[in-house]
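Shown next: final12.pdb, containing PDB, C-alpha atoms.
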```
ATOM      1  CA  VAL A   1      -9.742  -8.710  -0.260
ATOM      2  CA  PHE A   2      -7.411 -11.255   1.265
ATOM      3  CA  TYR A   3      -5.200 -11.033   4.306
ATOM      4  CA  PHE A   4      -2.047 -13.131   4.406
ATOM      5  CA  GLU A   5       0.522 -13.718   7.088
ATOM      6  CA  THR A   6       3.922 -14.715   5.793
ATOM      7  CA  SER A   7       6.481 -16.673   7.760
ATOM      8  CA  ASN A   8       9.579 -15.572   5.865
ATOM      9  CA  PRO A   9      10.770 -12.970   3.329
ATOM     10  CA  GLY A  10      10.581 -15.449   0.444
ATOM     11  CA  ASP A  11       6.865 -15.954   1.028
ATOM     12  CA  LEU A  12       6.376 -12.190   1.133
ATOM     13  CA  PHE A  13       8.202 -11.677  -2.181
ATOM     14  CA  ALA A  14       6.217 -14.505  -3.811
ATOM     15  CA  LEU A  15       2.916 -13.110  -2.576
ATOM     16  CA  ILE A  16       3.639  -9.605  -3.850
ATOM     17  CA  ALA A  17       5.032 -10.812  -7.196
ATOM     18  CA  HIS A  18       2.127 -13.201  -7.832
ATOM     19  CA  PRO A  19       0.271 -12.370 -11.082
ATOM     20  CA  ASN A  20      -3.093 -12.369  -9.272
ATOM     21  CA  ASN A  21      -1.957  -9.662  -6.853
ATOM     22  CA  ALA A  22      -3.981  -6.686  -8.083
ATOM     23  CA  LEU A  23      -3.257  -4.413  -5.126
ATOM     24  CA  THR A  24      -1.214  -4.307  -1.941
ATOM     25  CA  ILE A  25      -2.309  -2.126   0.990
ATOM     26  CA  THR A  26       0.407  -1.592   3.592
ATOM     27  CA  PRO A  27       2.081   0.752   6.069
ATOM     28  CA  ASP A  28       5.245  -1.389   6.000
ATOM     29  CA  THR A  29       8.184   0.365   4.328
ATOM     30  CA  SER A  30       9.861  -2.871   3.257
ATOM     31  CA  VAL A  31       6.671  -4.016   1.518
ATOM     32  CA  ILE A  32       6.430  -0.634  -0.214
ATOM     33  CA  HIS A  33       9.924  -1.125  -1.661
ATOM     34  CA  ILE A  34       9.135  -4.688  -2.757
ATOM     35  CA  THR A  35       5.960  -3.585  -4.569
ATOM     36  CA  ALA A  36       8.004  -0.954  -6.409
ATOM     37  CA  VAL A  37      10.459  -3.610  -7.625
ATOM     38  CA  PHE A  38       7.618  -5.717  -9.009
ATOM     39  CA  HIS A  39       5.700  -2.689 -10.381
ATOM     40  CA  LYS A  40       2.562  -3.490  -8.363
ATOM     41  CA  LYS A  41      -0.303  -1.171  -7.516
ATOM     42  CA  THR A  42      -0.053  -0.175  -3.883
ATOM     43  CA  VAL A  43      -1.901   1.955  -1.369
ATOM     44  CA  ILE A  44       0.615   3.028   1.226
ATOM     45  CA  PHE A  45       0.078   4.541   4.637
ATOM     46  CA  TYR A  46       2.572   7.060   5.992
ATOM     47  CA  GLN A  47       2.677   9.112   9.120
ATOM     48  CA  ASN A  48       2.121  12.750   8.281
ATOM     49  CA  ILE A  49       5.835  13.523   8.095
ATOM     50  CA  TYR A  50       7.210  15.956   5.524
ATOM     51  CA  GLY A  51       9.430  14.426   2.878
ATOM     52  CA  LEU A  52       8.151  10.852   2.773
ATOM     53  CA  ALA A  53       7.450   9.525  -0.679
ATOM     54  CA  SER A  54       7.367   6.225  -2.505
ATOM     55  CA  HIS A  55       9.468   5.440  -5.558
ATOM     56  CA  ASN A  56       6.618   3.350  -6.913
ATOM     57  CA  ALA A  57       4.790   5.228  -9.665
ATOM     58  CA  LEU A  58       1.838   2.881  -9.136
ATOM     59  CA  ALA A  59       1.485   3.818  -5.465
ATOM     60  CA  ALA A  60      -1.157   6.020  -3.929
ATOM     61  CA  THR A  61      -0.386   7.525  -0.533
ATOM     62  CA  VAL A  62      -2.652   7.923   2.478
ATOM     63  CA  MET A  63      -1.146  10.321   5.010
ATOM     64  CA  SER A  64      -2.170  10.007   8.637
ATOM     65  CA  THR A  65      -4.030  12.878  10.229
ATOM     66  CA  GLY A  66      -1.707  12.780  13.235
ATOM     67  CA  ASN A  67       1.303  10.939  14.564
ATOM     68  CA  ASP A  68      -0.398   7.541  14.335
ATOM     69  CA  VAL A  69      -0.450   5.861  10.924
ATOM     70  CA  ASN A  70      -3.724   4.190  11.922
ATOM     71  CA  ILE A  71      -5.575   7.511  12.119
ATOM     72  CA  PHE A  72      -6.451   8.732   8.629
ATOM     73  CA  ASP A  73      -9.230  10.355   6.650
ATOM     74  CA  MET A  74     -11.419   7.694   5.017
ATOM     75  CA  ASN A  75     -12.031  10.009   2.040
ATOM     76  CA  CYS A  76      -8.269  10.111   1.473
ATOM     77  CA  PHE A  77      -8.190   6.308   1.530
ATOM     78  CA  THR A  78     -11.058   6.133  -0.978
ATOM     79  CA  GLU A  79      -9.288   8.618  -3.258
ATOM     80  CA  SER A  80      -6.121   6.516  -3.039
ATOM     81  CA  LEU A  81      -8.059   3.426  -4.103
ATOM     82  CA  LYS A  82      -9.452   5.397  -7.062
ATOM     83  CA  LYS A  83      -5.934   6.505  -7.986
ATOM     84  CA  ALA A  84      -4.836   2.898  -7.867
ATOM     85  CA  GLU A  85      -7.738   2.197 -10.251
ATOM     86  CA  VAL A  86      -9.300  -0.505  -8.101
ATOM     87  CA  TYR A  87     -12.344   1.349  -6.808
ATOM     88  CA  ASN A  88     -15.213   2.997  -8.652
ATOM     89  CA  ASP A  89     -18.151   4.883  -7.152
TER      90      ASP A  89
END
```
Would you mind writing the structure in this file as C-alpha cells?
Amino acid sequence: VFYFETSNPGDLFALIAHPNNALTITPDTSVIHITAVFHKKTVIFYQNIYGLASHNALAATVMSTGNDVNIFDMNCFTESLKKAEVYND
C-alpha cells in the first residue's frame, strides 16, 4: 500500500493511469470518476445517502454507517476488497 500526495491534477491522472496501479481507495468523487475513465479497480467510500453509485464497473462501494464517511463497518471494507479481487482470506 502506498500513499501519494499530488500537487496538481496532471499528477493525479498520471498516478491513477499508471500500469502498476492495482487499486485506488478513495472517498473523493473526482478520483472515482478518473478511475472509471481508466478502468481501474477502486474501493470507494460514500456517505450512507440513497442514490449514490459509481459508473465504474470495477468499483466496490463502502457505505458509511452514519453521516460521516470515515465511520464504516470494517467487514464491509473487507468485502469490498474481496470484490475488487485484491484481498483473499
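Shortest atom-to-atom contact with A:Asn20 among A:Lys82, A:His55, A:His33, A:Lys40: A:Lys40, counting all atoms listed in the file.
Running the PyMOL selection byres ((chain A and resi 62) around 8) on this file leaves Val43, Ile44, Phe45, Tyr46, Ala60, Thr61, Met63, Ser64, Phe72, Cys76, Phe77 and Ser80 of chain A selected.
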Checklist entry - When the PyMOL selection byres ((chain A and resi 48) around 8) is applied to the file above, which residues end up in the set, as a list in words? => result Tyr46, Gln47, Ile49, Tyr50, Met63, Ser64, Thr65, Gly66, Asn67 and Val69 of chain A
Item to check | Nearby residues (only C-alpha atoms) at most 10 Å from stretch 23-25 of chain A, same-chain spacing under 6 positions excluded, as a VMD selection string | outcome: chain A and resid 1 to 3 15 to 16 31 to 32 35 40 to 45 58 to 61 81 84 to 86
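Put simply, atom CA of A:His39 is 21.1 Å away from atom CA of A:Asn8.
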Item to check | atom CA of A:Asn56 to atom CA of A:Thr78, straight-line distance in Å | outcome: 18.9 Å
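In this structure, atom CA of A:Glu5 sits 19.0 Å away from atom CA of A:Asn70.
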